[in-house]
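Below is one structure; the comments refer to it alone.
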Amino acid sequence: MEVTIIYLSLYILTCMHMSTNTSIHASKFISHPLLKEGLVERRKYQISIAEEAKRESLMVVLPTGLGKTTVALLVILERLSKGKILFLAPTRPLVEQHSAFLKEVLTLDTSLIQTFTGTVLADRREKLWNAAKIIVSTPQIIENDLLSNRIDLTNVALLIFDECHRAVGNYSYVYIAEKYVEQAKEPRVLGMTASPGSDKAKIKEICASLDVKRVESRTEYDHDVAPYVFKKGFEWRGIDVPVEIKKQKRVLDEVLEERINELQKLGFIRNKRGREISKTELLKLRMLIEAQLAKQKHADYYKALSLQAEVMKIKHAIELIETQGIFALRRYFDRLRTEAQSKGGSKAVKRLLKDNKFVEAMFAVASYEGEHPKLNALVEILREEIRVNPDTRIIVFTNYRDTAEMIISALRDLNTEKEGIKAVKFIGQASKAEDKGLKQKEQVEIINKFKEGVFNVLIATSVAEEGLDIPATDLVLFYEPIPSAIRSIQRKGRTARKKVGKVIVLIAKGTRDEAYYWLSRSKEREMRRRISEMRTMEMNGEEEGGGEEPKQGLAVAATAERKEKEEQRRITDFENEVELTIFVDQRETRSGVARFLQKAGVNLKLRNLGIGDYIVSDRVCIERKSAVDFLDSLVNKRRNLLEQIHRMKNEYEKPLLVIEGDSIYGQRNVHPNVVRAVMATIAVDLSVPIIQTRDEADTASLIYVIAKREQMPNPTEVNPHGKKPSASLTEQQEYLISALSNIGIVTARNLLRRFKTIERILTASKEELMEVEHVGEKTAEHIKEVLSKEYEG
């Protein structure tokens with residue numbers, strides 16, 4: 001009843017606005033009963049795009065800084081009276097940014113605008129969803145809640161996808177859009193991006209995935225946009241590569257050509273030199289060799305696979321010495337040396353380090369005292385920019401963390417802070433060995449300090465291209481060009497938002513830098529042309545004038561592709577005659593298996609399972625491994641497969657290992673006899689059955705059949721913890737704590753290490769619990785609630 005009243009009130013307010021619309025056209029700001037006065041500037045192109053989006057589902061392509069979020073806001077104002085608004089963004093900082101914007105400009109009670117991220121517990125999300133009018137969320141959260149049937153999209157009147165170019169393949173956007181079309185009463189989709197890409201097929205795939213009927217775009221050159229665009233200066237600076245670096249590059253070229261010649265003799269490459277072969281071609285070559293290995297185990301195929309891996313590593317070394325510098329290459333060589341000396345090192349690396357020419361290049365790089373001249377050029381540019389404008393803000397983009405570290409170290413050694421250059425490294429969250437990433441909280445802190453002027457130069461990797469609320473800058477500097485139109489546009493979009501800006505690209509002369517630069521420019525032009533084509537294309541499937549053959553309109557093409565995709569995904573093995581319950585590990589939502597099961601009507605319960613991936617009964621637990629994951633667990637010490645199988649066997653009466661994929665031989669340079677030995681150990685010594693499936697749909701069908709066998713004809717409640725462990729006291733303690741919702745085995749161990757006994761965990765305060773690694777405020781509150789609240793069963 002309360003929700004109905006809110007909807008009615010919103011409808012009345014909207015009608016009032018429509019009736020008074022003519023009196024406010026002259027205003028500089030948009031006026032609406034649901035908008036706070038004087039906050040949202042009136043821009044004709046935004047209103048024009050929003051009007052189209054009100055009529056039908058739309059993908060909006062607007063350069064960064066031209067107000068895609070404002071377009072979304074205008075559509076929200078119109079659709080609010082019809083139901084809920086779901087606003088999706090790919091990262092937590094973007095979600096928080098959009099949520100803060102809506103709360104700032106809308107007159108709605110802020111409790112009606114809810115933010116969903118991983119910090120909000122599942123049970124609480126369900127209540128918040130029911131009460132909220134606008135939900136801003138990361139897509140993974142919504143996907144999990146849909147899979148678990150905590151929410152449905154029936155009353156969602158508008159679904160917004162920010163950075164919608166991600167809506168391809170297995171990304172969460174694709175599944176959510178599919179469920180939205182299936183469930184919503186009056187579906188309306190708004191996709192937003194600055195750069196959908198230059199490939200027409202990909203643009204059509206995005207439209208098909210989102211069920212979008214047309215594309216609306218603007219560029220900075222359109223007449224209605226031009227008044228709001230600030231000039232963006234652009235220049236590229238050619239850098240001469242030193243003779244000594246060229247010499248070492250020639251040595252690496254020789255090593256590369258030797259491998260290419262060997263591949264030619266084996267018949268895998270024809271009439272091409274090493275520098276002419278792209279990374280894409282090499283990856284396709286690997287797939288070809290693996291396909292041949294799946295049919296026939298021949299020594300030549302194994303040799304070719306190793307040679308392909310060597311070529312990839314040599315080409316990467318050449319790219320580093322040409323475009324990045326000695327520091328980055330030296331670090332890369334150090335990693336290769338460490339891998340070659342390790343027991344699990346690949347044959348490709350070990351062969352390379354036995355090559356005299358390659359080792360000669362490694363020694364030459366180790367003893368080289370200089371650095372790539374790009375570094376000096378960069379330092380001089382920074383000095384000049386800061387000298388001219390001490391309040392300036394600059395972002396330096398580089399592809400590699402090693403280069404970012406080299407730049408920061410050089411600036412530190414030159415003591416440039418005295419000259420006003422206050423630089424900070426800005427990288428992603430992933431950590432590897434000695435290379436520690438930044439936590440999201442650290443990233444946000446750095447950005448805030450950049451806004452405040454504590455830092456004025458960000459040395460950033462691709463993490464700063466999208467998904468974070470980075471303020472407009474005066475200069476964006478590319479340490480190297482990139483061949484991707486999407487990434488190039490996103491980088492350049494970081495400047496000239498609120499004032500005149502500048503872009504500088506450093507290009508090492510006579511290297512792949514030049515090719516990447518022109519390739520990126522070409523792709524950007526192609527992308528603009530493709531989008532322009534789609535803007536003028538007939539949307540109802542009529543002929544596009546002049547062609548020999550009638551061309552499909554975007555709507556028809558998108559519908560055809562969606563039907564084809566749905567046909568491919570259909571699981572004919574499923575019968576919706578029984579309701580089954582399956583516990584699924586949260587991480588498994590990244591695969592398509594859980595989606596297939598949910599479509600088959602299975603009641604999925606997502607949990608942080610300490611053991612296994614799918615639990616279908618008290619006695620059956622299933623560990624799923626893709627072929628690549630299976631092989632990775634054999635060579636990666638941190639992912640010990642046999643330990644996982646041991647724990648599953650100790651906990652469950654009928655454990656099962658599923659290996660998904662056509663071939664487990666000839667990949668990751670793991671010898672087939674090693675694979676056979678491990679499988680024999682699991683099947684014979686541990687008595688754990690192994691079943692191989694073709695793909696995700698096949699795996700889902702298998703799990704469904706097993707669950708049906710276990711739960712019918714006499715359905716029993718599935719216990720995700722199986723039989724009680726009869727092993728050690730330590731395992732029993734871990735088992736008990738990890739049984740708490742949202743507490744995985746890692747957090748359980750951290751709690752036990754901190755408090756020593758379960759009794760002390762039970763009596764610990766919220767503040768004491770939060771001192772434990774991986775336990776935040778929400779988790780601590782949840783633990784206290786579970787342990788102290790009265791049972792209501």
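Chain lettering (A, B, ...) mirrors the order of the structure tokens, residue numbering begins at 1 for each chain separately, and ligand numbering begins at 1 in order of display.
Within segment 39-101 of chain A, DSSP run on the backbone puts these residues in strand (DSSP E or B): Glu41, Leu58, Met59, Val60, Val61, Lys84, Ile85, Leu86, Phe87 and Leu88 of chain A.
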Take the residues from that selection and write them out as a PDB file, in the first residue's frame, keeping all heavy atoms.
```pdb
ATOM      1  N   GLU A  41      22.006  21.752 -15.171  1.00  0.00           N
ATOM      2  CA  GLU A  41      22.026  22.687 -16.294  1.00  0.00           C
ATOM      3  C   GLU A  41      21.211  22.146 -17.468  1.00  0.00           C
ATOM      4  O   GLU A  41      21.239  20.957 -17.759  1.00  0.00           O
ATOM      5  CB  GLU A  41      23.476  22.914 -16.730  1.00  0.00           C
ATOM      6  CG  GLU A  41      23.641  23.966 -17.808  1.00  0.00           C
ATOM      7  CD  GLU A  41      25.094  24.122 -18.248  1.00  0.00           C
ATOM      8  OE1 GLU A  41      25.934  23.310 -17.809  1.00  0.00           O
ATOM      9  OE2 GLU A  41      25.366  25.039 -19.042  1.00  0.00           O
ATOM     10  N   LEU A  58      17.485   2.358 -25.664  1.00  0.00           N
ATOM     11  CA  LEU A  58      18.455   3.145 -26.400  1.00  0.00           C
ATOM     12  C   LEU A  58      19.867   2.893 -25.875  1.00  0.00           C
ATOM     13  O   LEU A  58      20.061   2.647 -24.685  1.00  0.00           O
ATOM     14  CB  LEU A  58      18.101   4.622 -26.190  1.00  0.00           C
ATOM     15  CG  LEU A  58      18.602   5.672 -27.170  1.00  0.00           C
ATOM     16  CD1 LEU A  58      17.905   5.489 -28.514  1.00  0.00           C
ATOM     17  CD2 LEU A  58      18.273   7.062 -26.614  1.00  0.00           C
ATOM     18  N   MET A  59      20.857   2.935 -26.779  1.00  0.00           N
ATOM     19  CA  MET A  59      22.251   3.025 -26.346  1.00  0.00           C
ATOM     20  C   MET A  59      22.740   4.433 -26.654  1.00  0.00           C
ATOM     21  O   MET A  59      22.629   4.904 -27.788  1.00  0.00           O
ATOM     22  CB  MET A  59      23.148   2.012 -27.057  1.00  0.00           C
ATOM     23  CG  MET A  59      24.615   2.144 -26.633  1.00  0.00           C
ATOM     24  SD  MET A  59      25.656   0.726 -27.077  1.00  0.00           S
ATOM     25  CE  MET A  59      25.897   1.003 -28.826  1.00  0.00           C
ATOM     26  N   VAL A  60      23.259   5.113 -25.632  1.00  0.00           N
ATOM     27  CA  VAL A  60      23.755   6.481 -25.773  1.00  0.00           C
ATOM     28  C   VAL A  60      25.273   6.453 -25.837  1.00  0.00           C
ATOM     29  O   VAL A  60      25.925   5.894 -24.946  1.00  0.00           O
ATOM     30  CB  VAL A  60      23.302   7.362 -24.586  1.00  0.00           C
ATOM     31  CG1 VAL A  60      23.898   8.749 -24.704  1.00  0.00           C
ATOM     32  CG2 VAL A  60      21.797   7.426 -24.517  1.00  0.00           C
ATOM     33  N   VAL A  61      25.825   7.059 -26.877  1.00  0.00           N
ATOM     34  CA  VAL A  61      27.281   7.174 -27.006  1.00  0.00           C
ATOM     35  C   VAL A  61      27.632   8.655 -26.932  1.00  0.00           C
ATOM     36  O   VAL A  61      27.315   9.431 -27.829  1.00  0.00           O
ATOM     37  CB  VAL A  61      27.777   6.577 -28.343  1.00  0.00           C
ATOM     38  CG1 VAL A  61      29.298   6.674 -28.422  1.00  0.00           C
ATOM     39  CG2 VAL A  61      27.328   5.132 -28.485  1.00  0.00           C
ATOM     40  N   LYS A  84      10.277   0.933 -10.250  1.00  0.00           N
ATOM     41  CA  LYS A  84      11.632   1.108  -9.728  1.00  0.00           C
ATOM     42  C   LYS A  84      12.610   1.470 -10.841  1.00  0.00           C
ATOM     43  O   LYS A  84      12.375   1.189 -12.012  1.00  0.00           O
ATOM     44  CB  LYS A  84      12.134  -0.193  -9.078  1.00  0.00           C
ATOM     45  CG  LYS A  84      11.456  -0.592  -7.787  1.00  0.00           C
ATOM     46  CD  LYS A  84      12.111  -1.864  -7.244  1.00  0.00           C
ATOM     47  CE  LYS A  84      11.347  -2.395  -6.038  1.00  0.00           C
ATOM     48  NZ  LYS A  84      11.429  -1.491  -4.883  1.00  0.00           N
ATOM     49  N   ILE A  85      13.747   2.050 -10.427  1.00  0.00           N
ATOM     50  CA  ILE A  85      14.852   2.324 -11.335  1.00  0.00           C
ATOM     51  C   ILE A  85      16.046   1.504 -10.853  1.00  0.00           C
ATOM     52  O   ILE A  85      16.406   1.545  -9.664  1.00  0.00           O
ATOM     53  CB  ILE A  85      15.240   3.820 -11.340  1.00  0.00           C
ATOM     54  CG1 ILE A  85      14.005   4.709 -11.568  1.00  0.00           C
ATOM     55  CG2 ILE A  85      16.346   4.085 -12.353  1.00  0.00           C
ATOM     56  CD1 ILE A  85      13.334   4.529 -12.895  1.00  0.00           C
ATOM     57  N   LEU A  86      16.660   0.768 -11.764  1.00  0.00           N
ATOM     58  CA  LEU A  86      17.881   0.025 -11.440  1.00  0.00           C
ATOM     59  C   LEU A  86      19.014   0.598 -12.274  1.00  0.00           C
ATOM     60  O   LEU A  86      18.980   0.563 -13.505  1.00  0.00           O
ATOM     61  CB  LEU A  86      17.698  -1.464 -11.734  1.00  0.00           C
ATOM     62  CG  LEU A  86      18.914  -2.370 -11.487  1.00  0.00           C
ATOM     63  CD1 LEU A  86      19.446  -2.229 -10.060  1.00  0.00           C
ATOM     64  CD2 LEU A  86      18.572  -3.826 -11.778  1.00  0.00           C
ATOM     65  N   PHE A  87      20.020   1.136 -11.598  1.00  0.00           N
ATOM     66  CA  PHE A  87      21.146   1.822 -12.229  1.00  0.00           C
ATOM     67  C   PHE A  87      22.398   0.994 -11.958  1.00  0.00           C
ATOM     68  O   PHE A  87      22.843   0.889 -10.829  1.00  0.00           O
ATOM     69  CB  PHE A  87      21.263   3.229 -11.620  1.00  0.00           C
ATOM     70  CG  PHE A  87      22.090   4.207 -12.414  1.00  0.00           C
ATOM     71  CD1 PHE A  87      21.746   5.546 -12.447  1.00  0.00           C
ATOM     72  CD2 PHE A  87      23.223   3.815 -13.107  1.00  0.00           C
ATOM     73  CE1 PHE A  87      22.483   6.482 -13.158  1.00  0.00           C
ATOM     74  CE2 PHE A  87      23.979   4.730 -13.831  1.00  0.00           C
ATOM     75  CZ  PHE A  87      23.612   6.064 -13.852  1.00  0.00           C
ATOM     76  N   LEU A  88      22.970   0.402 -13.002  1.00  0.00           N
ATOM     77  CA  LEU A  88      24.132  -0.476 -12.847  1.00  0.00           C
ATOM     78  C   LEU A  88      25.409   0.198 -13.333  1.00  0.00           C
ATOM     79  O   LEU A  88      25.411   0.873 -14.369  1.00  0.00           O
ATOM     80  CB  LEU A  88      23.930  -1.774 -13.629  1.00  0.00           C
ATOM     81  CG  LEU A  88      22.735  -2.640 -13.229  1.00  0.00           C
ATOM     82  CD1 LEU A  88      22.640  -3.858 -14.145  1.00  0.00           C
ATOM     83  CD2 LEU A  88      22.832  -3.085 -11.780  1.00  0.00           C
TER      84      LEU A  88
END
```
For segment 501-503 of chain A: contacts at 7 Å, only C-alpha atoms, fewer than 3 positions along chain excluded, given as a list in words: Lys231, Lys232, Gly233, Phe234, Glu235, Asp474, Leu475, Val476, Leu477, Lys492, Thr495 and Ala496 of chain A
Export of the given selection (all heavy atoms) as a short mmCIF file (atom, residue, chain, number, x, y, z; two decimals), in the first residue's frame:
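The result, stored in out.cif:
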```cif
data_model
loop_
_atom_site.label_atom_id
_atom_site.label_comp_id
_atom_site.auth_asym_id
_atom_site.auth_seq_id
_atom_site.Cartn_x
_atom_site.Cartn_y
_atom_site.Cartn_z
N LYS A 231 38.32 23.20 -25.68
CA LYS A 231 39.35 22.84 -26.65
C LYS A 231 40.33 21.85 -26.03
O LYS A 231 40.71 21.98 -24.88
CB LYS A 231 40.09 24.09 -27.12
CG LYS A 231 41.10 23.81 -28.22
CD LYS A 231 41.80 25.09 -28.65
CE LYS A 231 42.86 24.78 -29.71
NZ LYS A 231 43.62 25.98 -30.10
N LYS A 232 40.70 20.87 -26.85
CA LYS A 232 41.64 19.85 -26.39
C LYS A 232 42.84 19.84 -27.35
O LYS A 232 42.73 19.39 -28.50
CB LYS A 232 40.97 18.48 -26.37
CG LYS A 232 41.78 17.38 -25.74
CD LYS A 232 41.04 16.04 -25.85
CE LYS A 232 39.74 16.04 -25.08
NZ LYS A 232 39.00 14.78 -25.19
N GLY A 233 43.96 20.38 -26.90
CA GLY A 233 45.17 20.37 -27.72
C GLY A 233 45.71 18.95 -27.84
O GLY A 233 45.61 18.16 -26.90
N PHE A 234 46.28 18.62 -29.00
CA PHE A 234 46.79 17.26 -29.20
C PHE A 234 48.13 17.32 -29.93
O PHE A 234 48.26 18.00 -30.95
CB PHE A 234 45.79 16.45 -30.02
CG PHE A 234 46.11 14.98 -30.09
CD1 PHE A 234 45.65 14.12 -29.12
CD2 PHE A 234 46.91 14.48 -31.11
CE1 PHE A 234 45.96 12.77 -29.18
CE2 PHE A 234 47.23 13.14 -31.16
CZ PHE A 234 46.75 12.28 -30.19
N GLU A 235 49.10 16.62 -29.40
CA GLU A 235 50.39 16.53 -30.09
C GLU A 235 51.07 15.21 -29.77
O GLU A 235 50.83 14.61 -28.73
CB GLU A 235 51.30 17.69 -29.68
CG GLU A 235 51.71 17.69 -28.21
CD GLU A 235 52.75 18.76 -27.89
OE1 GLU A 235 53.89 18.63 -28.41
OE2 GLU A 235 52.42 19.70 -27.15
N ASP A 474 44.40 18.86 -16.57
CA ASP A 474 44.87 19.82 -17.57
C ASP A 474 45.65 19.12 -18.68
O ASP A 474 45.67 19.58 -19.82
CB ASP A 474 45.77 20.87 -16.91
CG ASP A 474 45.04 21.59 -15.78
OD1 ASP A 474 44.12 22.37 -16.09
OD2 ASP A 474 45.37 21.36 -14.61
N LEU A 475 46.31 18.02 -18.32
CA LEU A 475 47.13 17.30 -19.30
C LEU A 475 47.00 15.80 -19.09
O LEU A 475 47.07 15.31 -17.96
CB LEU A 475 48.61 17.70 -19.14
CG LEU A 475 49.64 16.85 -19.90
CD1 LEU A 475 49.46 16.98 -21.40
CD2 LEU A 475 51.06 17.23 -19.49
N VAL A 476 46.80 15.08 -20.19
CA VAL A 476 46.88 13.62 -20.19
C VAL A 476 48.07 13.25 -21.06
O VAL A 476 48.15 13.68 -22.23
CB VAL A 476 45.60 12.97 -20.74
CG1 VAL A 476 45.84 11.49 -21.03
CG2 VAL A 476 44.47 13.12 -19.74
N LEU A 477 49.00 12.49 -20.50
CA LEU A 477 50.21 12.12 -21.22
C LEU A 477 50.27 10.62 -21.41
O LEU A 477 50.22 9.87 -20.43
CB LEU A 477 51.45 12.63 -20.47
CG LEU A 477 52.76 12.67 -21.25
CD1 LEU A 477 53.66 13.78 -20.73
CD2 LEU A 477 53.50 11.34 -21.17
N LYS A 492 41.88 9.97 -23.21
CA LYS A 492 41.82 11.37 -23.64
C LYS A 492 40.64 12.09 -22.99
O LYS A 492 40.68 13.31 -22.81
CB LYS A 492 41.72 11.44 -25.17
CG LYS A 492 43.03 11.07 -25.86
CD LYS A 492 42.98 11.28 -27.36
CE LYS A 492 42.25 10.19 -28.06
NZ LYS A 492 42.41 10.25 -29.54
N THR A 495 40.70 14.70 -19.84
CA THR A 495 41.06 16.12 -19.87
C THR A 495 40.00 16.91 -20.64
O THR A 495 39.17 16.34 -21.35
CB THR A 495 42.44 16.33 -20.51
OG1 THR A 495 42.85 17.69 -20.30
CG2 THR A 495 42.45 16.03 -21.99
N ALA A 496 40.07 18.25 -20.51
CA ALA A 496 39.18 19.20 -21.23
C ALA A 496 37.72 18.98 -20.89
O ALA A 496 36.85 19.11 -21.74
CB ALA A 496 39.40 19.10 -22.73
#
```
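Nearest to Glu220 of chain A of all the residues A:Gly493, A:Glu465, A:Val40, A:Ala131 is A:Gly493, counting only C-alpha atoms.
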Among segment 265-473 of chain A, which residues carry a DSSP assignment of alpha helix (DSSP H), reported as JSON, numbers by chain? {"A": [265, 279, 280, 281, 282, 283, 284, 285, 286, 287, 288, 289, 290, 291, 292, 293, 294, 295, 299, 300, 301, 302, 303, 304, 305, 306, 307, 308, 309, 310, 311, 312, 313, 314, 315, 316, 317, 318, 319, 326, 327, 328, 329, 330, 331, 332, 333, 334, 335, 336, 337, 338, 339, 340, 341, 347, 348, 349, 350, 351, 352, 356, 357, 358, 359, 360, 361, 362, 363, 364, 365, 366, 367, 373, 374, 375, 376, 377, 378, 379, 380, 381, 382, 383, 384, 385, 386, 387, 388, 401, 402, 403, 404, 405, 406, 407, 408, 409, 410, 411, 412, 413, 440, 441, 442, 443, 444, 445, 446, 447, 448, 449, 450, 451, 452]}
One decimal, Å: what's the distance from atom CA of Ala600 of chain A over to atom CA of Thr154 of chain A, could you say? 19.0 Å
Pick out the residues sitting within 12 Å of segment 265-272 of chain A, and hand them over as a ChimeraX atom specification; count only C-alpha atoms, and ignore anything fewer than 2 positions along from it in its own chain. /A:256-263,274-278,281-282,284-289,292,298-305,307-308
Neighbouring residues of Thr323 of chain A were defined as those with any atom within 9 Å, considering only C-alpha atoms; residues of the same chain fewer than 3 positions away were excluded. Please report them as an NGL selection string. :A and (241 or 318-320 or 372 or 374 or 479-480 or 507-508 or 511-513)
